[in-house]
Amino acid sequence: MNQFVPDTFFNGQILVKQDRHGYRFSIDAVLLAGFSEIKPRNTIVDLGTGCGILPLILAYRTPDTRFWGVEIQKTLADLARENVIENGLDKRIQILCSDIKTLTTDMVSGPVDIVISNPPYRKADSGRINPNSQRAVARHEVKIKLEEILSVSGKILRTAGKFFIIYPSNRMIDLLSGMRESGIEPKRIRTIHSTQGAEAKLVLVEGKKGGGSGVKISTPLIIYKNPENYTDEVEKMFLP
C-alpha cells in the first residue's frame, strides 16, 4: 500500500500528499492561513511547516511572495518539497530541513517580513505521547518549546515585521508573555470556538516586532454552524 495519500485543496487547485500513517495537517492550518495577513512582495517563514500546507495555501492566494518552510523531520521536509514541486511553486517556496533553534537570518534571506507557526501544542511532560514519532514531534514539545519558537521569530523578523500563530487558549498567557519577552508585541487576538456558545479551545494571535502596546480583540471565530457543516466564514477558507 502506498505510504502517501493525495488530498486536494481549493477545489482541486492544490494537490497535497500526506503520510498515510504519520502526521497530517488539520483545520488549524486552514484557520491560521485565513487569519494571516500576507501582502505581495512579502518574505514569509513558516516554522514547523510539516507537509508544506501553509506556504502552499498562502502562496496560491498571494502572488509575488517568497516562502521558507522550516521542518526538522526529514520525511516531512522531503514530502513538503514534493508538494511544492507538484504544485509548480518551487520558485517561490523553499523547504529547509533544519532545527528551528539553529535558524539564522542568513538561512532565510532575512530579516523577513512575516513569521507564521502552527507549533506543537502540548508540553513534553503532559498527556500521552503518540507512539508514532512523526505525530509526537508535531504535537508535543519534543524537539522545540514555545519560548524557543518565539525567540527565533524575534531574531529573524525585521523591525515592524509580523508574527502569526495558532495556539491552545489555556496556554495563551504563556504565549503572550513569551511574545513580549522576544520583542514581539501582541496586536490582535481572536478566539476559536467549535460551536456558538462553546468555550474557546484555540486562539489566533498576531504580533508585531517592536510594536507599541495596545491589542485588538476580534470577534470570535465559530467553526461549525451544525454538526455536519462549517460556518460560512470557515467554508470560504477552503475556497480559492
# chains A, B, ... in the order shown; residues from 1 in each chain; ligands from 1
>>> closest_atom_pairs(of="range 71-186 of chain A", to="range 44-49 of chain A", cutoff="9 Å", atoms="only C-alpha atoms", output="Markdown table")
| residue | atom | partner | partner_atom | distance |
| --- | --- | --- | --- | --- |
| A:Glu71 | CA | A:Gly48 | CA | 4.9 |
| A:Ile72 | CA | A:Gly48 | CA | 7.3 |
| A:Leu76 | CA | A:Thr49 | CA | 8.4 |
| A:Ala77 | CA | A:Thr49 | CA | 7.9 |
| A:Ala80 | CA | A:Thr49 | CA | 7.8 |
| A:Ile95 | CA | A:Thr49 | CA | 8.3 |
| A:Ile100 | CA | A:Leu47 | CA | 6.9 |
| A:Val108 | CA | A:Val45 | CA | 7.5 |
| A:Val112 | CA | A:Ile44 | CA | 6.3 |
| A:Asp113 | CA | A:Ile44 | CA | 6.1 |
| A:Ile114 | CA | A:Ile44 | CA | 4.7 |
| A:Val115 | CA | A:Val45 | CA | 4.8 |
| A:Ile116 | CA | A:Asp46 | CA | 4.9 |
| A:Ser117 | CA | A:Leu47 | CA | 5.1 |
| A:Asn118 | CA | A:Gly48 | CA | 6.9 |
| A:Pro119 | CA | A:Gly48 | CA | 6.3 |
| A:Pro120 | CA | A:Gly48 | CA | 8.6 |
| A:Ala138 | CA | A:Gly48 | CA | 8.0 |
| A:Ile149 | CA | A:Leu47 | CA | 7.6 |
| A:Ser153 | CA | A:Leu47 | CA | 8.6 |
| A:Ile156 | CA | A:Val45 | CA | 9.0 |
>>> residues_around(residues="Asp19 in chain A", least_positions_apart="3", cutoff="7 Å", atoms="only C-alpha atoms", output="ChimeraX atom specification")
/A:3-5,22-24
>>> closest_atom_pairs(of="range 15-80 of chain A", to="range 163-184 of chain A", cutoff="8 Å", atoms="only C-alpha atoms", output="JSON lines")
{"residue": "A:Asp28", "atom": "CA", "partner": "A:Ile166", "partner_atom": "CA", "distance": 7.2}
{"residue": "A:Leu32", "atom": "CA", "partner": "A:Ile166", "partner_atom": "CA", "distance": 6.1}
{"residue": "A:Phe35", "atom": "CA", "partner": "A:Phe164", "partner_atom": "CA", "distance": 7.8}
{"residue": "A:Ser36", "atom": "CA", "partner": "A:Phe164", "partner_atom": "CA", "distance": 6.1}
>>> write_last_selection(atoms="N, CA and C atoms", output="CSV table (one decimal), in the first residue's frame")
chain,number,residue,atom,x,y,z
A,28,ASP,N,-6.6,23.5,11.8
A,28,ASP,CA,-5.9,24.5,12.4
A,28,ASP,C,-5.0,25.3,11.4
A,32,LEU,N,-5.3,29.3,10.5
A,32,LEU,CA,-4.2,30.2,10.6
A,32,LEU,C,-3.9,30.9,9.3
A,35,PHE,N,-6.3,33.7,8.9
A,35,PHE,CA,-6.0,34.8,9.9
A,35,PHE,C,-4.8,35.6,9.5
A,36,SER,N,-3.9,35.0,8.8
A,36,SER,CA,-2.6,35.7,8.5
A,36,SER,C,-2.8,36.7,7.3
>>> residues_around(residues="Phe238 in chain A", least_positions_apart="5", cutoff="10 Å", atoms="only C-alpha atoms", output="MDAnalysis selection string")
chainID A and resid 9:11 27 30:31 34 57 233
>>> select_by_dssp(residues="range 32-233 of chain A", states="strand (DSSP E or B)", output="PDB file with C-alpha atoms, in the first residue's frame")
ATOM      1  CA  THR A  43       9.022  37.213   2.567  1.00  0.00           C
ATOM      2  CA  ILE A  44       7.481  34.667   4.916  1.00  0.00           C
ATOM      3  CA  VAL A  45       8.919  31.920   7.122  1.00  0.00           C
ATOM      4  CA  ASP A  46       6.744  29.023   8.303  1.00  0.00           C
ATOM      5  CA  LEU A  47       8.243  27.417  11.420  1.00  0.00           C
ATOM      6  CA  ARG A  66       8.507  34.206  -1.197  1.00  0.00           C
ATOM      7  CA  PHE A  67       8.291  31.467   1.431  1.00  0.00           C
ATOM      8  CA  TRP A  68      10.662  29.417   3.527  1.00  0.00           C
ATOM      9  CA  GLY A  69       9.213  26.328   5.205  1.00  0.00           C
ATOM     10  CA  VAL A  70      11.347  25.004   8.046  1.00  0.00           C
ATOM     11  CA  GLU A  71      10.877  21.393   9.156  1.00  0.00           C
ATOM     12  CA  ILE A  93       8.751  28.206  -1.780  1.00  0.00           C
ATOM     13  CA  GLN A  94      11.954  26.735  -0.391  1.00  0.00           C
ATOM     14  CA  ILE A  95      11.899  23.962   2.207  1.00  0.00           C
ATOM     15  CA  LEU A  96      14.671  23.769   4.792  1.00  0.00           C
ATOM     16  CA  CYS A  97      15.233  20.555   6.751  1.00  0.00           C
ATOM     17  CA  VAL A 112      11.892  38.620   6.960  1.00  0.00           C
ATOM     18  CA  ASP A 113       8.507  40.350   6.811  1.00  0.00           C
ATOM     19  CA  ILE A 114       6.384  37.628   8.401  1.00  0.00           C
ATOM     20  CA  VAL A 115       6.758  34.527  10.548  1.00  0.00           C
ATOM     21  CA  ILE A 116       3.872  32.075  10.856  1.00  0.00           C
ATOM     22  CA  SER A 117       3.682  28.952  13.009  1.00  0.00           C
ATOM     23  CA  ARG A 122       1.486  20.184  24.303  1.00  0.00           C
ATOM     24  CA  HIS A 140       4.307  17.671  21.737  1.00  0.00           C
ATOM     25  CA  LEU A 157      11.809  39.238  11.843  1.00  0.00           C
ATOM     26  CA  ARG A 158      12.570  42.719  10.595  1.00  0.00           C
ATOM     27  CA  THR A 159      11.530  45.635  12.772  1.00  0.00           C
ATOM     28  CA  ALA A 160       7.746  46.051  12.411  1.00  0.00           C
ATOM     29  CA  GLY A 161       7.575  42.546  10.913  1.00  0.00           C
ATOM     30  CA  LYS A 162       4.510  40.470  11.823  1.00  0.00           C
ATOM     31  CA  PHE A 163       4.065  37.158  13.600  1.00  0.00           C
ATOM     32  CA  PHE A 164       1.002  34.888  13.306  1.00  0.00           C
ATOM     33  CA  ILE A 165       0.324  31.807  15.411  1.00  0.00           C
ATOM     34  CA  ILE A 166      -2.469  29.424  16.449  1.00  0.00           C
ATOM     35  CA  TYR A 167      -2.249  28.031  19.965  1.00  0.00           C
ATOM     36  CA  PRO A 168      -4.360  26.482  22.759  1.00  0.00           C
ATOM     37  CA  ILE A 184       7.041  40.755  19.592  1.00  0.00           C
ATOM     38  CA  GLU A 185       4.129  42.810  20.893  1.00  0.00           C
ATOM     39  CA  PRO A 186       0.681  41.124  20.716  1.00  0.00           C
ATOM     40  CA  LYS A 187      -1.569  43.268  18.493  1.00  0.00           C
ATOM     41  CA  ARG A 188      -4.613  41.157  17.577  1.00  0.00           C
ATOM     42  CA  ILE A 189      -6.311  38.196  19.268  1.00  0.00           C
ATOM     43  CA  ARG A 190      -9.162  36.019  18.031  1.00  0.00           C
ATOM     44  CA  THR A 191     -10.599  33.121  19.998  1.00  0.00           C
ATOM     45  CA  ILE A 192     -11.738  29.965  18.196  1.00  0.00           C
ATOM     46  CA  HIS A 193     -14.897  28.094  19.232  1.00  0.00           C
ATOM     47  CA  ALA A 200     -12.664  28.591  23.242  1.00  0.00           C
ATOM     48  CA  LYS A 201     -10.130  25.803  22.755  1.00  0.00           C
ATOM     49  CA  LEU A 202      -7.727  27.673  20.472  1.00  0.00           C
ATOM     50  CA  VAL A 203      -6.645  31.239  19.881  1.00  0.00           C
ATOM     51  CA  LEU A 204      -5.178  33.088  16.899  1.00  0.00           C
ATOM     52  CA  VAL A 205      -2.670  35.803  17.722  1.00  0.00           C
ATOM     53  CA  GLU A 206      -0.928  38.436  15.620  1.00  0.00           C
ATOM     54  CA  GLY A 207       2.163  40.193  16.917  1.00  0.00           C
ATOM     55  CA  LYS A 208       4.448  42.955  15.684  1.00  0.00           C
ATOM     56  CA  LYS A 209       8.175  43.123  16.300  1.00  0.00           C
ATOM     57  CA  LYS A 216      -7.365  44.391  19.483  1.00  0.00           C
ATOM     58  CA  ILE A 217      -9.740  41.562  20.451  1.00  0.00           C
ATOM     59  CA  LEU A 221     -14.350  32.586  15.143  1.00  0.00           C
ATOM     60  CA  ILE A 222     -17.003  29.850  15.126  1.00  0.00           C
ATOM     61  CA  TYR A 224     -19.376  24.759  12.945  1.00  0.00           C
ATOM     62  CA  LYS A 225     -22.926  26.040  12.464  1.00  0.00           C
ATOM     63  CA  ASN A 226     -24.221  22.476  12.966  1.00  0.00           C
ATOM     64  CA  ASN A 229     -21.409  21.927   8.309  1.00  0.00           C
ATOM     65  CA  TYR A 230     -18.843  24.655   8.739  1.00  0.00           C
TER      66      TYR A 230
END
>>> closest_residue(among="A:Ile14, A:Ile38, A:Ile144, A:Val215", to="Asp99 in chain A", atoms="only C-alpha atoms")
A:Ile144
>>> atom_distance(atom1="CA of Tyr121 in chain A", atom2="CA of Leu56 in chain A")
22.1 Å
>>> residues_around(residues="Asn83 in chain A", least_positions_apart="4", cutoff="9 Å", atoms="only C-alpha atoms", output="ChimeraX atom specification")
/A:14-17,51-53,56,78-79,87-89
>>> atom_distance(atom1="CA of Phe25 in chain A", atom2="CA of Asp64 in chain A")
25.1 Å
>>> closest_residue(among="A:Glu235, A:Asp90, A:Asp106, A:Asp7", to="Pro55 in chain A", atoms="only C-alpha atoms")
A:Asp90
>>> select_by_dssp(residues="range 1-229 of chain A", states="alpha helix (DSSP H)", output="VMD selection string")
chain A and resid 27 to 35 53 to 61 74 to 86 133 to 139 146 to 156 172 to 181
>>> write_last_selection(atoms="C-alpha atoms", output="PDB file, in the first residue's frame")
ATOM      1  CA  ILE A  27      -8.193  22.574  10.100  1.00  0.00           C
ATOM      2  CA  ASP A  28      -5.859  24.539  12.393  1.00  0.00           C
ATOM      3  CA  ALA A  29      -3.614  25.252   9.400  1.00  0.00           C
ATOM      4  CA  VAL A  30      -6.587  26.473   7.379  1.00  0.00           C
ATOM      5  CA  LEU A  31      -7.701  28.806  10.179  1.00  0.00           C
ATOM      6  CA  LEU A  32      -4.180  30.187  10.603  1.00  0.00           C
ATOM      7  CA  ALA A  33      -3.894  30.806   6.865  1.00  0.00           C
ATOM      8  CA  GLY A  34      -7.201  32.673   6.948  1.00  0.00           C
ATOM      9  CA  PHE A  35      -6.033  34.806   9.869  1.00  0.00           C
ATOM     10  CA  ILE A  53       0.388  23.214   3.620  1.00  0.00           C
ATOM     11  CA  LEU A  54       0.641  26.802   4.929  1.00  0.00           C
ATOM     12  CA  PRO A  55       3.116  28.024   2.281  1.00  0.00           C
ATOM     13  CA  LEU A  56       1.059  26.275  -0.404  1.00  0.00           C
ATOM     14  CA  ILE A  57      -2.193  27.960   0.633  1.00  0.00           C
ATOM     15  CA  LEU A  58      -0.685  31.392   1.157  1.00  0.00           C
ATOM     16  CA  ALA A  59       1.496  31.358  -1.954  1.00  0.00           C
ATOM     17  CA  TYR A  60      -1.513  30.371  -4.037  1.00  0.00           C
ATOM     18  CA  ARG A  61      -3.570  33.224  -2.584  1.00  0.00           C
ATOM     19  CA  LYS A  74      13.414  14.772   7.111  1.00  0.00           C
ATOM     20  CA  THR A  75      10.500  12.644   5.917  1.00  0.00           C
ATOM     21  CA  LEU A  76       8.125  15.598   6.255  1.00  0.00           C
ATOM     22  CA  ALA A  77      10.610  18.049   4.735  1.00  0.00           C
ATOM     23  CA  ASP A  78      11.068  15.752   1.712  1.00  0.00           C
ATOM     24  CA  LEU A  79       7.293  15.436   1.391  1.00  0.00           C
ATOM     25  CA  ALA A  80       6.878  19.215   1.585  1.00  0.00           C
ATOM     26  CA  ARG A  81       9.414  19.632  -1.248  1.00  0.00           C
ATOM     27  CA  GLU A  82       7.466  17.138  -3.363  1.00  0.00           C
ATOM     28  CA  ASN A  83       4.240  19.044  -2.715  1.00  0.00           C
ATOM     29  CA  VAL A  84       5.857  22.342  -3.633  1.00  0.00           C
ATOM     30  CA  ILE A  85       7.219  20.948  -6.898  1.00  0.00           C
ATOM     31  CA  GLU A  86       3.945  19.142  -7.711  1.00  0.00           C
ATOM     32  CA  SER A 133       7.327   9.612  16.304  1.00  0.00           C
ATOM     33  CA  GLN A 134       6.259  11.915  13.451  1.00  0.00           C
ATOM     34  CA  ARG A 135       2.980  12.732  15.168  1.00  0.00           C
ATOM     35  CA  ALA A 136       4.654  13.028  18.576  1.00  0.00           C
ATOM     36  CA  VAL A 137       7.130  15.663  17.356  1.00  0.00           C
ATOM     37  CA  ALA A 138       4.342  17.603  15.639  1.00  0.00           C
ATOM     38  CA  ARG A 139       2.026  17.609  18.677  1.00  0.00           C
ATOM     39  CA  LEU A 146       7.206  27.616  22.627  1.00  0.00           C
ATOM     40  CA  GLU A 147       9.768  30.043  24.047  1.00  0.00           C
ATOM     41  CA  GLU A 148      12.340  28.813  21.522  1.00  0.00           C
ATOM     42  CA  ILE A 149       9.953  29.371  18.611  1.00  0.00           C
ATOM     43  CA  LEU A 150       9.242  32.892  19.866  1.00  0.00           C
ATOM     44  CA  SER A 151      12.925  33.670  20.418  1.00  0.00           C
ATOM     45  CA  VAL A 152      13.861  32.606  16.879  1.00  0.00           C
ATOM     46  CA  SER A 153      10.903  34.518  15.443  1.00  0.00           C
ATOM     47  CA  GLY A 154      12.034  37.689  17.199  1.00  0.00           C
ATOM     48  CA  LYS A 155      15.528  37.264  15.782  1.00  0.00           C
ATOM     49  CA  ILE A 156      14.622  36.666  12.131  1.00  0.00           C
ATOM     50  CA  MET A 172      -2.491  31.964  25.978  1.00  0.00           C
ATOM     51  CA  ILE A 173      -0.765  33.699  28.908  1.00  0.00           C
ATOM     52  CA  ASP A 174       2.423  31.720  28.208  1.00  0.00           C
ATOM     53  CA  LEU A 175       2.160  32.749  24.570  1.00  0.00           C
ATOM     54  CA  LEU A 176       1.518  36.459  25.131  1.00  0.00           C
ATOM     55  CA  SER A 177       4.176  36.875  27.810  1.00  0.00           C
ATOM     56  CA  GLY A 178       6.680  34.924  25.704  1.00  0.00           C
ATOM     57  CA  MET A 179       5.975  37.081  22.671  1.00  0.00           C
ATOM     58  CA  ARG A 180       6.638  40.259  24.629  1.00  0.00           C
ATOM     59  CA  GLU A 181       9.870  38.814  26.061  1.00  0.00           C
TER      60      GLU A 181
END
>>> decode(residues="range 187-228 of chain A", atoms="N, CA and C atoms", output="JSON list (two decimals), in the first residue's frame")
[["chain", "number", "residue", "atom", "x", "y", "z"],
["A", 187, "LYS", "N", -0.77, 42.17, 19.07],
["A", 187, "LYS", "CA", -1.57, 43.27, 18.49],
["A", 187, "LYS", "C", -3.01, 42.87, 18.17],
["A", 188, "ARG", "N", -3.25, 41.58, 17.93],
["A", 188, "ARG", "CA", -4.61, 41.16, 17.58],
["A", 188, "ARG", "C", -4.83, 39.73, 18.07],
["A", 189, "ILE", "N", -5.98, 39.51, 18.72],
["A", 189, "ILE", "CA", -6.31, 38.20, 19.27],
["A", 189, "ILE", "C", -7.70, 37.80, 18.80],
["A", 190, "ARG", "N", -7.84, 36.54, 18.40],
["A", 190, "ARG", "CA", -9.16, 36.02, 18.03],
["A", 190, "ARG", "C", -9.33, 34.62, 18.60],
["A", 191, "THR", "N", -10.34, 34.44, 19.42],
["A", 191, "THR", "CA", -10.60, 33.12, 20.00],
["A", 191, "THR", "C", -11.36, 32.25, 19.00],
["A", 192, "ILE", "N", -11.13, 30.94, 19.10],
["A", 192, "ILE", "CA", -11.74, 29.97, 18.20],
["A", 192, "ILE", "C", -12.65, 29.05, 19.00],
["A", 193, "HIS", "N", -13.90, 28.90, 18.54],
["A", 193, "HIS", "CA", -14.90, 28.09, 19.23],
["A", 193, "HIS", "C", -15.46, 27.07, 18.26],
["A", 194, "SER", "N", -15.64, 25.84, 18.71],
["A", 194, "SER", "CA", -16.16, 24.81, 17.81],
["A", 194, "SER", "C", -17.59, 25.13, 17.38],
["A", 195, "THR", "N", -18.41, 25.60, 18.32],
["A", 195, "THR", "CA", -19.79, 25.99, 18.02],
["A", 195, "THR", "C", -20.14, 27.25, 18.80],
["A", 196, "GLN", "N", -21.23, 27.89, 18.41],
["A", 196, "GLN", "CA", -21.71, 29.07, 19.12],
["A", 196, "GLN", "C", -22.00, 28.70, 20.58],
["A", 197, "GLY", "N", -21.44, 29.45, 21.52],
["A", 197, "GLY", "CA", -21.68, 29.20, 22.93],
["A", 197, "GLY", "C", -20.68, 28.27, 23.59],
["A", 198, "ALA", "N", -19.84, 27.59, 22.78],
["A", 198, "ALA", "CA", -18.83, 26.69, 23.35],
["A", 198, "ALA", "C", -17.63, 27.49, 23.83],
["A", 199, "GLU", "N", -16.91, 26.94, 24.79],
["A", 199, "GLU", "CA", -15.69, 27.58, 25.27],
["A", 199, "GLU", "C", -14.63, 27.55, 24.18],
["A", 200, "ALA", "N", -13.76, 28.56, 24.20],
["A", 200, "ALA", "CA", -12.66, 28.59, 23.24],
["A", 200, "ALA", "C", -11.63, 27.52, 23.59],
["A", 201, "LYS", "N", -11.19, 26.79, 22.58],
["A", 201, "LYS", "CA", -10.13, 25.80, 22.76],
["A", 201, "LYS", "C", -8.81, 26.29, 22.17],
["A", 202, "LEU", "N", -8.91, 27.16, 21.15],
["A", 202, "LEU", "CA", -7.73, 27.67, 20.47],
["A", 202, "LEU", "C", -7.82, 29.18, 20.35],
["A", 203, "VAL", "N", -6.69, 29.79, 20.06],
["A", 203, "VAL", "CA", -6.65, 31.24, 19.88],
["A", 203, "VAL", "C", -5.68, 31.57, 18.75],
["A", 204, "LEU", "N", -6.04, 32.55, 17.95],
["A", 204, "LEU", "CA", -5.18, 33.09, 16.90],
["A", 204, "LEU", "C", -4.61, 34.41, 17.40],
["A", 205, "VAL", "N", -3.31, 34.58, 17.24],
["A", 205, "VAL", "CA", -2.67, 35.80, 17.72],
["A", 205, "VAL", "C", -1.75, 36.37, 16.66],
["A", 206, "GLU", "N", -1.84, 37.69, 16.48],
["A", 206, "GLU", "CA", -0.93, 38.44, 15.62],
["A", 206, "GLU", "C", -0.05, 39.32, 16.49],
["A", 207, "GLY", "N", 1.24, 39.33, 16.20],
["A", 207, "GLY", "CA", 2.16, 40.19, 16.92],
["A", 207, "GLY", "C", 2.99, 41.02, 15.96],
["A", 208, "LYS", "N", 3.62, 42.06, 16.49],
["A", 208, "LYS", "CA", 4.45, 42.96, 15.68],
["A", 208, "LYS", "C", 5.77, 43.19, 16.39],
["A", 209, "LYS", "N", 6.86, 42.92, 15.69],
["A", 209, "LYS", "CA", 8.17, 43.12, 16.30],
["A", 209, "LYS", "C", 8.41, 44.61, 16.54],
["A", 210, "GLY", "N", 8.69, 44.94, 17.79],
["A", 210, "GLY", "CA", 8.94, 46.33, 18.13],
["A", 210, "GLY", "C", 7.70, 47.18, 18.17],
["A", 211, "GLY", "N", 6.54, 46.55, 18.17],
["A", 211, "GLY", "CA", 5.28, 47.31, 18.18],
["A", 211, "GLY", "C", 5.00, 47.93, 19.54],
["A", 212, "GLY", "N", 4.20, 48.98, 19.55],
["A", 212, "GLY", "CA", 3.78, 49.61, 20.78],
["A", 212, "GLY", "C", 2.69, 48.81, 21.47],
["A", 213, "SER", "N", 2.41, 49.15, 22.73],
["A", 213, "SER", "CA", 1.39, 48.42, 23.47],
["A", 213, "SER", "C", 0.00, 48.76, 22.92],
["A", 214, "GLY", "N", -0.93, 47.85, 23.16],
["A", 214, "GLY", "CA", -2.29, 48.02, 22.65],
["A", 214, "GLY", "C", -2.67, 46.84, 21.78],
["A", 215, "VAL", "N", -3.74, 46.16, 22.16],
["A", 215, "VAL", "CA", -4.14, 44.95, 21.45],
["A", 215, "VAL", "C", -5.63, 45.01, 21.09],
["A", 216, "LYS", "N", -5.98, 44.45, 19.94],
["A", 216, "LYS", "CA", -7.36, 44.39, 19.48],
["A", 216, "LYS", "C", -7.89, 42.98, 19.68],
["A", 217, "ILE", "N", -9.08, 42.86, 20.29],
["A", 217, "ILE", "CA", -9.74, 41.56, 20.45],
["A", 217, "ILE", "C", -10.82, 41.46, 19.37],
["A", 218, "SER", "N", -10.61, 40.59, 18.41],
["A", 218, "SER", "CA", -11.55, 40.44, 17.29],
["A", 218, "SER", "C", -12.76, 39.62, 17.71],
["A", 219, "THR", "N", -13.78, 39.62, 16.87],
["A", 219, "THR", "CA", -14.97, 38.79, 17.13],
["A", 219, "THR", "C", -14.57, 37.32, 17.13],
["A", 220, "PRO", "N", -15.25, 36.49, 17.92],
["A", 220, "PRO", "CA", -14.91, 35.06, 17.97],
["A", 220, "PRO", "C", -15.08, 34.40, 16.60],
["A", 221, "LEU", "N", -14.24, 33.39, 16.36],
["A", 221, "LEU", "CA", -14.35, 32.59, 15.14],
["A", 221, "LEU", "C", -15.06, 31.29, 15.50],
["A", 222, "ILE", "N", -16.21, 31.05, 14.89],
["A", 222, "ILE", "CA", -17.00, 29.85, 15.13],
["A", 222, "ILE", "C", -16.77, 28.89, 13.96],
["A", 223, "ILE", "N", -16.42, 27.64, 14.27],
["A", 223, "ILE", "CA", -16.09, 26.69, 13.21],
["A", 223, "ILE", "C", -17.33, 26.03, 12.61],
["A", 224, "TYR", "N", -18.23, 25.52, 13.45],
["A", 224, "TYR", "CA", -19.38, 24.76, 12.95],
["A", 224, "TYR", "C", -20.69, 25.48, 13.23],
["A", 225, "LYS", "N", -21.57, 25.52, 12.23],
["A", 225, "LYS", "CA", -22.93, 26.04, 12.46],
["A", 225, "LYS", "C", -23.88, 24.91, 12.85],
["A", 226, "ASN", "N", -23.52, 23.68, 12.51],
["A", 226, "ASN", "CA", -24.22, 22.48, 12.97],
["A", 226, "ASN", "C", -23.22, 21.33, 12.88],
["A", 227, "PRO", "N", -23.54, 20.15, 13.42],
["A", 227, "PRO", "CA", -22.55, 19.06, 13.48],
["A", 227, "PRO", "C", -21.95, 18.65, 12.14],
["A", 228, "GLU", "N", -22.61, 18.95, 11.04],
["A", 228, "GLU", "CA", -22.13, 18.48, 9.75],
["A", 228, "GLU", "C", -21.62, 19.58, 8.83]]
